[in-house]
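Student: My structure file query.txt, compact mmCIF, C-alpha atoms, is below:
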# COMPACT_ATOMS: atom_id res chain seq x y z
CA MET A 462 0.00 0.00 0.00
CA LYS A 463 2.71 2.38 1.05
CA LYS A 464 4.69 1.57 -1.99
CA SER A 465 1.82 2.00 -4.36
CA ILE A 466 0.97 5.40 -2.88
CA LYS A 467 4.57 6.39 -3.35
CA LEU A 468 4.51 5.25 -6.94
CA VAL A 469 1.19 6.86 -7.73
CA SER A 470 2.21 10.13 -6.14
CA ALA A 471 5.48 10.15 -8.05
CA VAL A 472 3.64 9.56 -11.29
CA LEU A 473 1.08 12.22 -10.47
CA VAL A 474 3.74 14.75 -9.59
CA LEU A 475 5.48 14.02 -12.87
CA ILE A 476 2.26 14.43 -14.82
CA VAL A 477 1.42 17.66 -13.06
CA MET A 478 4.92 18.99 -13.58
CA SER A 479 4.88 18.11 -17.26
CA ALA A 480 1.50 19.78 -17.59
CA PHE A 481 3.04 22.98 -16.31
CA THR A 482 6.17 22.84 -18.39
CA ILE A 483 4.17 22.16 -21.53
CA THR A 484 2.45 25.51 -21.31
CA SER A 485 5.63 27.53 -21.11
CA ASP A 486 7.79 25.58 -23.57
CA GLY A 487 7.65 25.40 -27.30
CA TYR A 488 9.66 26.39 -30.31
CA LYS A 489 11.19 29.81 -30.62
CA ILE A 490 12.19 31.45 -33.85
CA GLY A 491 15.30 29.70 -35.16
CA ASP A 492 14.60 26.38 -33.43
CA ILE A 493 14.58 23.13 -35.37
CA ALA A 494 11.09 21.61 -35.46
CA GLU A 495 10.96 17.87 -34.91
CA ASP A 496 9.23 15.74 -37.49
CA PHE A 497 6.08 13.82 -36.58
CA SER A 498 3.92 11.03 -37.91
CA LEU A 499 0.21 11.81 -37.58
CA GLU A 500 -2.94 10.30 -39.04
CA ASN A 501 -4.57 12.16 -41.88
CA VAL A 502 -8.31 12.28 -42.60
CA ASN A 503 -7.71 9.70 -45.36
CA GLY A 504 -6.31 7.24 -42.83
CA LYS A 505 -2.70 7.57 -43.98
CA MET A 506 0.14 8.67 -41.75
CA VAL A 507 1.84 11.92 -42.73
CA SER A 508 5.32 13.19 -41.85
CA LEU A 509 7.18 16.28 -42.96
CA SER A 510 9.87 13.99 -44.35
CA ASP A 511 7.30 12.67 -46.88
CA TYR A 512 7.60 15.97 -48.70
CA LYS A 513 10.86 15.44 -50.52
CA ASP A 514 10.55 18.48 -52.74
CA ALA A 515 9.22 20.93 -50.18
CA LYS A 516 11.24 24.03 -49.34
CA GLY A 517 9.33 24.40 -46.13
CA PHE A 518 5.92 24.12 -44.52
CA ILE A 519 3.02 26.17 -43.28
CA VAL A 520 2.14 24.14 -40.17
CA THR A 521 -1.34 25.22 -39.06
CA PHE A 522 -2.92 24.18 -35.77
CA THR A 523 -6.64 24.44 -36.39
CA CYS A 524 -9.90 22.67 -35.66
CA ASN A 525 -13.56 22.39 -36.65
CA THR A 526 -15.07 23.92 -33.56
CA CYS A 527 -13.28 27.22 -32.92
CA PRO A 528 -15.04 30.21 -34.49
CA PHE A 529 -11.70 31.91 -35.18
CA ALA A 530 -10.35 28.79 -36.88
CA VAL A 531 -13.54 28.56 -38.95
CA ALA A 532 -13.27 32.24 -39.85
CA TYR A 533 -9.82 31.52 -41.26
CA GLU A 534 -10.60 28.24 -43.09
CA ASP A 535 -10.94 29.76 -46.53
CA ARG A 536 -7.74 31.70 -46.04
CA ILE A 537 -5.89 28.53 -45.01
CA ILE A 538 -7.09 26.85 -48.20
CA ALA A 539 -5.96 29.90 -50.18
CA LEU A 540 -2.52 29.73 -48.56
CA ASP A 541 -2.10 26.12 -49.67
CA GLN A 542 -3.31 26.89 -53.17
CA LYS A 543 -0.86 29.75 -53.46
CA TYR A 544 2.20 28.22 -51.82
CA ALA A 545 2.08 24.41 -52.14
CA SER A 546 3.23 24.67 -55.74
CA LYS A 547 6.00 27.03 -54.66
CA GLY A 548 7.29 24.50 -52.15
CA TYR A 549 5.47 25.59 -48.98
CA PRO A 550 2.45 23.31 -48.48
CA VAL A 551 -0.01 23.75 -45.63
CA ILE A 552 0.04 20.95 -43.06
CA ALA A 553 -3.03 21.32 -40.81
CA ILE A 554 -3.01 19.67 -37.39
CA MET A 555 -6.04 19.36 -35.10
CA PRO A 556 -4.66 19.46 -31.52
CA ASN A 557 -7.79 19.27 -29.34
CA ASN A 558 -8.74 16.43 -27.03
CA VAL A 559 -11.72 14.96 -28.89
CA LYS A 560 -13.27 13.77 -25.64
CA VAL A 561 -13.62 17.41 -24.67
CA LYS A 562 -14.51 18.50 -28.21
CA PRO A 563 -16.29 15.62 -29.97
CA GLY A 564 -16.91 18.00 -32.87
CA ASP A 565 -13.19 17.72 -33.61
CA ASN A 566 -12.96 13.93 -33.81
CA LEU A 567 -11.53 12.22 -36.86
CA ASP A 568 -14.94 11.59 -38.43
CA ALA A 569 -15.90 15.24 -37.99
CA MET A 570 -12.51 16.24 -39.39
CA LYS A 571 -13.10 14.02 -42.44
CA GLU A 572 -16.47 15.61 -43.03
CA ARG A 573 -15.05 19.11 -42.75
CA ALA A 574 -12.10 18.35 -45.01
CA GLU A 575 -14.47 16.98 -47.63
CA SER A 576 -17.12 19.67 -47.42
CA LYS A 577 -14.55 22.47 -47.53
CA GLY A 578 -12.41 20.72 -50.12
CA PHE A 579 -9.18 20.85 -48.13
CA THR A 580 -6.27 20.54 -50.54
CA PHE A 581 -3.85 19.80 -47.70
CA PRO A 582 -3.52 17.07 -45.06
CA TYR A 583 -5.69 17.55 -41.99
CA LEU A 584 -3.94 15.56 -39.29
CA ILE A 585 -5.04 14.62 -35.82
CA ASP A 586 -2.61 15.03 -32.92
CA ALA A 587 -4.35 12.08 -31.31
CA ASP A 588 -2.08 11.71 -28.27
CA GLN A 589 -1.58 15.49 -28.05
CA SER A 590 2.18 15.13 -28.20
CA VAL A 591 2.96 17.39 -31.15
CA TYR A 592 1.30 20.71 -30.30
CA PRO A 593 3.20 21.10 -26.98
CA LYS A 594 6.51 20.73 -28.81
CA TYR A 595 5.53 23.60 -31.04
CA GLY A 596 4.21 25.58 -28.12
CA ALA A 597 0.87 26.04 -29.84
CA THR A 598 -1.64 27.40 -27.33
CA LYS A 599 -4.68 28.02 -29.46
CA THR A 600 -6.43 27.54 -32.77
CA PRO A 601 -5.63 28.88 -35.25
CA HIS A 602 -1.88 29.05 -34.55
CA LEU A 603 0.59 28.96 -37.45
CA PHE A 604 4.24 28.04 -37.75
CA VAL A 605 6.20 28.62 -40.96
CA LEU A 606 9.14 26.23 -41.25
CA GLN A 607 12.02 26.43 -43.69
CA LYS A 608 13.69 23.21 -44.73
CA THR A 609 17.47 23.40 -44.34
CA LYS A 610 20.30 20.91 -44.07
CA LYS A 611 20.03 21.14 -40.30
CA GLY A 612 16.31 20.45 -40.33
CA ASN A 613 13.06 22.39 -40.48
CA VAL A 614 13.81 25.78 -38.96
CA VAL A 615 10.98 27.77 -37.34
CA LYS A 616 10.82 31.10 -39.17
CA TYR A 617 7.43 32.51 -38.21
CA ILE A 618 4.95 31.97 -35.37
CA GLY A 619 1.51 33.52 -35.08
CA ALA A 620 -1.53 34.65 -36.98
CA ILE A 621 -2.39 34.48 -40.68
CA ASP A 622 -3.14 38.16 -41.08
CA ASP A 623 -4.32 41.21 -39.17
CA ASN A 624 -8.09 41.01 -39.65
CA TYR A 625 -10.01 37.89 -38.63
CA LYS A 626 -13.34 39.52 -39.36
CA ASP A 627 -12.93 40.48 -42.96
CA ALA A 628 -10.39 39.04 -45.37
CA SER A 629 -10.92 41.99 -47.71
CA ALA A 630 -9.99 44.47 -44.95
CA VAL A 631 -6.65 42.84 -44.18
CA SER A 632 -3.70 45.19 -44.39
CA THR A 633 -0.84 42.84 -43.47
CA LYS A 634 -0.73 39.18 -44.50
CA TYR A 635 1.83 37.93 -41.99
CA VAL A 636 2.16 34.37 -43.28
CA GLU A 637 2.30 35.36 -46.95
CA ASP A 638 4.90 37.99 -46.15
CA ALA A 639 6.95 35.40 -44.27
CA VAL A 640 6.83 32.78 -47.02
CA ASP A 641 7.45 35.35 -49.75
CA ALA A 642 10.52 36.55 -47.85
CA LEU A 643 11.83 32.99 -47.45
CA LEU A 644 11.24 32.24 -51.14
CA ALA A 645 13.18 35.39 -52.02
CA GLY A 646 16.00 34.46 -49.64
CA LYS A 647 15.21 37.40 -47.38
CA GLU A 648 14.64 37.86 -43.68
CA VAL A 649 11.05 37.35 -42.51
CA PRO A 650 9.77 40.91 -41.83
CA GLU A 651 7.53 40.11 -38.87
CA LYS A 652 8.55 36.91 -37.11
CA GLU A 653 5.96 36.68 -34.37
CA THR A 654 2.41 37.97 -34.12
CA LYS A 655 -0.41 37.63 -31.62
CA ALA A 656 -4.09 36.87 -32.16
CA ILE A 657 -7.06 35.76 -30.14
CA GLY A 658 -7.85 32.10 -30.49
CA CYS A 659 -9.53 29.17 -28.77
CA THR A 660 -7.45 27.51 -26.11
CA ILE A 661 -6.33 24.03 -27.15
CA LYS A 662 -8.53 21.60 -25.22
CA VAL A 663 -6.56 19.12 -23.14
CA MET B 32 5.18 9.22 4.79
CA ASN B 33 2.92 12.00 5.92
CA MET B 34 4.52 14.30 3.48
CA LYS B 35 4.14 11.88 0.65
CA ILE B 36 0.47 11.54 1.28
CA LYS B 37 0.26 15.28 1.34
CA LEU B 38 2.14 15.48 -1.93
CA PHE B 39 -0.04 12.77 -3.34
CA SER B 40 -3.20 14.53 -2.39
CA ILE B 41 -1.98 17.85 -3.75
CA ALA B 42 -1.11 16.18 -7.01
CA ALA B 43 -4.41 14.36 -7.07
CA VAL B 44 -6.36 17.52 -6.41
CA LEU B 45 -4.45 19.37 -9.08
CA LEU B 46 -5.03 16.58 -11.54
CA MET B 47 -8.65 16.25 -10.67
CA SER B 48 -9.26 19.92 -10.98
CA GLY B 49 -7.59 19.79 -14.37
CA CYS B 50 -9.73 16.88 -15.50
CA PHE B 51 -12.79 18.48 -14.07
CA ASN B 52 -12.18 21.64 -16.04
CA ASN B 53 -11.81 19.74 -19.23
CA LYS B 54 -14.76 17.50 -18.81
CA LYS B 55 -17.00 20.32 -17.88
CA SER B 56 -16.06 22.59 -20.69
CA GLU B 57 -17.74 20.50 -23.37
CA THR B 58 -21.13 20.57 -21.75
CA VAL B 59 -21.43 24.32 -21.43
CA SER B 60 -23.94 25.50 -23.93
CA VAL B 61 -23.51 28.79 -25.70
CA GLU B 62 -26.72 28.21 -27.59
CA SER B 63 -28.78 28.92 -24.54
CA GLY B 64 -29.87 32.36 -25.65
CA THR B 65 -33.18 31.52 -27.20
CA LYS B 66 -34.77 33.46 -30.01
CA ASP B 67 -37.48 34.59 -27.66
CA LEU B 68 -34.93 36.22 -25.44
CA SER B 69 -33.13 37.89 -28.27
CA SER B 70 -36.29 39.31 -29.80
CA ASN B 71 -37.98 40.44 -26.63
CA PHE B 72 -35.58 41.35 -23.90
CA SER B 73 -32.05 41.69 -25.07
CA LYS B 74 -32.75 44.81 -27.07
CA ASN B 75 -33.01 46.53 -23.73
CA ILE B 76 -29.40 45.77 -22.98
CA ASP B 77 -27.01 48.59 -23.71
CA LEU B 78 -23.75 47.06 -24.73
CA GLU B 79 -20.71 49.29 -24.66
CA VAL B 80 -18.52 48.47 -27.65
CA TYR B 81 -14.95 49.75 -27.89
CA ASP B 82 -11.98 49.53 -30.16
CA PHE B 83 -8.75 49.13 -28.23
CA ASN B 84 -8.04 52.83 -27.98
CA GLY B 85 -11.42 53.37 -26.40
CA PHE B 86 -11.09 50.31 -24.21
CA GLU B 87 -7.61 51.04 -22.89
CA LYS B 88 -8.94 53.33 -20.14
CA PHE B 89 -10.31 50.25 -18.35
CA LEU B 90 -6.76 48.93 -18.00
CA ASN B 91 -5.27 52.11 -16.61
CA LYS B 92 -7.46 53.49 -13.88
CA LYS B 93 -5.63 55.03 -10.97
CA ASP B 94 -8.47 55.37 -8.50
CA ASP B 95 -7.06 52.91 -5.94
CA LYS B 96 -9.77 50.40 -6.77
CA VAL B 97 -8.85 46.82 -7.66
CA TYR B 98 -9.99 45.94 -11.18
CA VAL B 99 -10.48 42.35 -12.26
CA ILE B 100 -10.61 42.36 -16.05
CA ASN B 101 -11.62 39.08 -17.65
CA PHE B 102 -11.37 38.47 -21.40
CA TRP B 103 -13.99 35.98 -22.54
CA ALA B 104 -16.47 35.09 -25.26
CA THR B 105 -19.73 33.17 -25.41
CA TRP B 106 -18.10 30.69 -27.82
CA CYS B 107 -15.27 29.95 -25.37
CA ALA B 108 -16.40 27.05 -23.19
CA PRO B 109 -13.75 27.40 -20.45
CA CYS B 110 -14.57 31.12 -20.27
CA VAL B 111 -18.27 30.47 -19.85
CA LYS B 112 -17.51 27.91 -17.18
CA GLU B 113 -15.56 30.37 -15.03
CA LEU B 114 -17.94 33.33 -15.46
CA PRO B 115 -19.96 32.42 -12.34
CA TYR B 116 -16.78 32.71 -10.26
CA PHE B 117 -16.17 36.23 -11.52
CA GLU B 118 -19.81 37.04 -10.86
CA ARG B 119 -19.53 35.72 -7.33
CA LEU B 120 -16.29 37.63 -6.79
CA ASN B 121 -17.97 40.81 -7.91
CA ALA B 122 -20.99 40.20 -5.69
CA GLU B 123 -18.94 39.41 -2.61
CA PHE B 124 -16.23 42.04 -2.91
CA LYS B 125 -17.68 45.00 -4.77
CA ASP B 126 -18.11 46.86 -1.50
CA ASP B 127 -14.45 46.33 -0.68
CA GLY B 128 -13.13 48.60 -3.41
CA MET B 129 -13.04 46.28 -6.38
CA GLU B 130 -14.85 45.86 -9.67
CA VAL B 131 -15.10 43.03 -12.16
CA ILE B 132 -15.23 43.96 -15.84
CA LEU B 133 -16.07 41.21 -18.32
CA VAL B 134 -14.59 42.00 -21.72
CA SER B 135 -16.38 40.08 -24.46
CA LEU B 136 -14.41 39.18 -27.57
CA ASP B 137 -17.47 37.85 -29.34
CA PHE B 138 -17.85 38.43 -33.04
CA PRO B 139 -19.62 41.75 -33.62
CA HIS B 140 -22.25 40.23 -35.92
CA LEU B 141 -23.33 38.02 -33.02
CA TYR B 142 -23.77 40.77 -30.42
CA GLU B 143 -27.52 40.91 -30.94
CA ASN B 144 -28.35 37.23 -31.27
CA LYS B 145 -25.79 35.67 -28.99
CA LEU B 146 -24.00 38.02 -26.63
CA LYS B 147 -26.92 40.17 -25.50
CA PRO B 148 -29.26 37.20 -24.97
CA PHE B 149 -26.46 35.49 -23.05
CA ILE B 150 -25.97 38.50 -20.77
CA LYS B 151 -29.70 38.65 -20.21
CA GLU B 152 -30.22 34.96 -19.62
CA ARG B 153 -27.25 34.57 -17.28
CA ASN B 154 -28.34 37.74 -15.57
CA LEU B 155 -24.75 38.97 -15.47
CA LYS B 156 -24.34 41.66 -12.84
CA SER B 157 -20.72 42.55 -13.50
CA LYS B 158 -20.04 45.24 -16.07
CA VAL B 159 -19.80 43.74 -19.56
CA VAL B 160 -18.10 45.59 -22.39
CA ALA B 161 -17.37 44.35 -25.90
CA LEU B 162 -13.94 44.81 -27.46
CA ASP B 163 -14.11 44.92 -31.24
CA ASP B 164 -10.68 45.54 -32.71
CA PRO B 165 -9.48 43.15 -35.41
CA ASP B 166 -5.85 44.33 -35.29
CA MET B 167 -5.04 41.92 -32.49
CA ASN B 168 -1.31 41.86 -33.01
CA THR B 169 -1.25 45.53 -32.08
CA TRP B 170 -3.43 45.45 -29.00
CA ILE B 171 -2.77 42.02 -27.44
CA PRO B 172 0.80 42.94 -26.40
CA LYS B 173 -0.53 46.19 -24.93
CA VAL B 174 -2.72 44.16 -22.60
CA SER B 175 0.22 41.94 -21.69
CA GLU B 176 3.47 41.07 -23.43
CA SER B 177 3.09 37.53 -22.18
CA TRP B 178 -0.38 36.93 -23.62
CA THR B 179 -0.37 34.45 -26.52
CA GLY B 180 -3.97 35.37 -27.36
CA ALA B 181 -5.67 32.32 -25.90
CA ILE B 182 -8.73 32.97 -23.75
CA PRO B 183 -9.78 32.96 -20.99
CA ALA B 184 -7.29 35.56 -19.83
CA THR B 185 -7.50 37.87 -16.83
CA ILE B 186 -5.80 40.97 -15.51
CA ILE B 187 -5.99 42.08 -11.91
CA TYR B 188 -4.60 45.51 -11.13
CA ARG B 189 -4.62 48.29 -8.61
CA ASN B 190 -3.07 51.55 -9.73
CA ASP B 191 0.35 50.57 -11.12
CA HIS B 192 0.49 47.10 -9.61
CA ARG B 193 -0.82 44.44 -11.98
CA LYS B 194 -0.78 40.75 -12.77
CA PHE B 195 -1.77 38.92 -15.94
CA TYR B 196 -3.12 35.37 -16.04
CA GLU B 197 -3.56 33.29 -19.20
CA GLN B 198 -5.45 30.53 -17.46
CA SER B 199 -8.80 29.34 -16.12
CA PHE B 200 -9.77 30.13 -12.54
CA ASP B 201 -11.92 28.58 -9.90
CA PHE B 202 -13.44 30.76 -7.23
CA GLU B 203 -10.88 30.04 -4.52
CA GLU B 204 -7.98 30.83 -6.83
CA LEU B 205 -9.62 34.07 -7.86
CA LYS B 206 -10.27 35.03 -4.28
CA THR B 207 -6.66 34.31 -3.34
CA GLU B 208 -5.37 36.50 -6.14
CA LEU B 209 -7.83 39.27 -5.38
CA ASN B 210 -6.93 39.28 -1.72
CA GLN B 211 -3.32 40.01 -2.56
CA PHE B 212 -4.51 43.15 -4.26
CA LEU B 213 -7.04 44.11 -1.64
CA ASN B 214 -4.32 43.63 0.96
CA LYS B 215 -6.86 43.31 3.73
CA ASN B 216 -7.45 40.57 6.17
CA ILE B 217 -10.99 39.93 5.13
CA TYR B 218 -10.97 36.25 5.91
CA PRO B 219 -10.09 35.65 9.52
Take the structure from the file and write it as structure tokens.

Tutor:
Amino acid sequence: MKKSIKLVSAVLVLIVMSAFTITSDGYKIGDIAEDFSLENVNGKMVSLSDYKDAKGFIVTFTCNTCPFAVAYEDRIIALDQKYASKGYPVIAIMPNNVKVKPGDNLDAMKERAESKGFTFPYLIDADQSVYPKYGATKTPHLFVLQKTKKGNVVKYIGAIDDNYKDASAVSTKYVEDAVDALLAGKEVPEKETKAIGCTIKV
Amino acid sequence: MNMKIKLFSIAAVLLMSGCFNNKKSETVSVESGTKDLSSNFSKNIDLEVYDFNGFEKFLNKKDDKVYVINFWATWCAPCVKELPYFERLNAEFKDDGMEVILVSLDFPHLYENKLKPFIKERNLKSKVVALDDPDMNTWIPKVSESWTGAIPATIIYRNDHRKFYEQSFDFEELKTELNQFLNKNIYP
């Protein structure tokens, strides 16, 4: 009994501690992003290393159920249509715990990907191990990676643009500016931006 | 041994409160504002709507009162879950020199059919204002440099002393934080 309490408490403490460190950690600009292997809505596993010809990635943490993520869906599709052919495909990852948000489960993701005609993989972070590495805290939350010999370097973290309400009223397209700069071999003009989003459900 | 049990129970409580939060958040309904409410009553609600420049005054009052500023939205389940704690805080401490201000980040096109009915139905007594400013990257860091933009988020301040919290609260946690600012021995 004593021993089991000791064991359980040690495990609990570890879990609690990791829960706290997760929130404060995450990639900074210039860090190398680890690869992952996550299930896509078509049942196949997807990794960044599958994209042999990519120059980089637009990794997008998003979901079905967050109004801000939904408001940006069409713009995420547009990003993929514009930049996949230039070597920067969108890789969308759904980070929520589907027990908390059943509307984000794999079946719901499949439906959404089909009805919206997603041209990019829509992956589920089923064991919620990938989003903490990135330090994603909300949906939508974007990370632009540049493929280099050292690995996939984080070049931009933040929002898609500066107007969630109205795509036609946007004055700065942060992600497009970042990818355009990388394609031109230039420095990303604005490396980190902030936006309101839905907390990732754990 | 004693200490381990203590540690164990602290960990367990922490864990349980975490699980509790998560489980609860799915069941909170933001659809509860019925059409009846929106058509009949909510028109009577005056909602103050600000862009950030207009709103900023609420973050910088110097009248020695403690302000508890909570950023929320009807679509944010963990926000809706903790609203009653802010309401209770306001009810219990408003006579002690503090005020709760609930800052809604709801979408402007839903003010009439969602936010106002919600305020009416929940009978919110704390002051509710709406912040409508799409240029988030400009104003979020002005609220707090450490805010990633996830909600719920809360600021407690008194004059120049302030703390920012990107987290969910329960009532006891809120009370503990508030008491630091009130700096009074209210609870014997």

Student: What is the CA of Ala161 in chain B-CA of Lys206 in chain B distance in Å, reported with one decimal?

Tutor: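 So the answer is 24.6 Å.
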
Student: Quote the spacing between CA of Gly548 in chain A and CA of Val636 in chain A in Å to one decimal place.

Tutor: 14.2 Å

Student: As JSON, numbers by chain, please: the residues near Cys524 in chain A (cut-off 7 Å, all atoms listed in the file, same-chain neighbours under 4 positions excluded).

Tutor: {"A": [530, 555, 565, 600]}

Student: With only C-alpha atoms as the counted atoms, please give the residues lying no more than 8 Å from range 199-203 of chain B, apart from itself and same-chain residues fewer than 3 positions off, as number ranges by chain.

Tutor: B: 109-110, 113, 116-117, 119-120, 183-184, 206-207

Student: Which residues, written as a list in words, have at least one atom at most 9 Å from Met167 in chain B, with only C-alpha atoms counted and residues fewer than 6 positions away on the same chain left out?

Tutor: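 Answer for this query is Asp623, Asn624, Tyr625, Thr654, Lys655, Ala656 and Ile657 of chain A; Gly180 of chain B.
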
Student: Counting only C-alpha atoms, what is within 10 Å of range 164-166 of chain B, bar same-chain residues fewer than 6 positions away, as a count of residues only?

Tutor: 22

Student: Enter the distance from CA of Leu209 in chain B to CA of Pro172 in chain B, in Å, rounded to one decimal.

Tutor: 23.0 Å

Student: Here is a test: counting only C-alpha atoms, which residue of B:Lys156, B:Lys96, B:Lys173, B:Lys125 is nearest to Phe212 in chain B?

Tutor: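 Checking each candidate against Phe212 in chain B, we get B:Lys96 as the closest.
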
Student: Go through B:Trp170, B:Phe149, B:Phe124, B:Tyr98 and flag the residue nearest chain A, using all atoms listed in the file for the distances.

Tutor: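 Nearest candidate to chain A out of B:Trp170, B:Phe149, B:Phe124, B:Tyr98: B:Trp170.
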
Student: Nearest residue to chain B out of A:Asn501, A:Ser590, A:Ser629, A:Thr526, using all atoms listed in the file?

Tutor: A:Thr526

Student: Pick the closest to Thr609 in chain A from A:Ala639, A:Val507, A:Ala515, A:Val649: which is it, counting all atoms listed in the file?

Tutor: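 Counting all atoms listed in the file, the residue closest to Thr609 in chain A is A:Ala515.
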
Student: With all atoms listed in the file as the atoms that count, which of B:Phe89, B:Tyr142, B:Tyr196, B:Trp178 lies nearest to chain A?

Tutor: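 With all atoms listed in the file as the atom set, the closest residue is B:Trp178.
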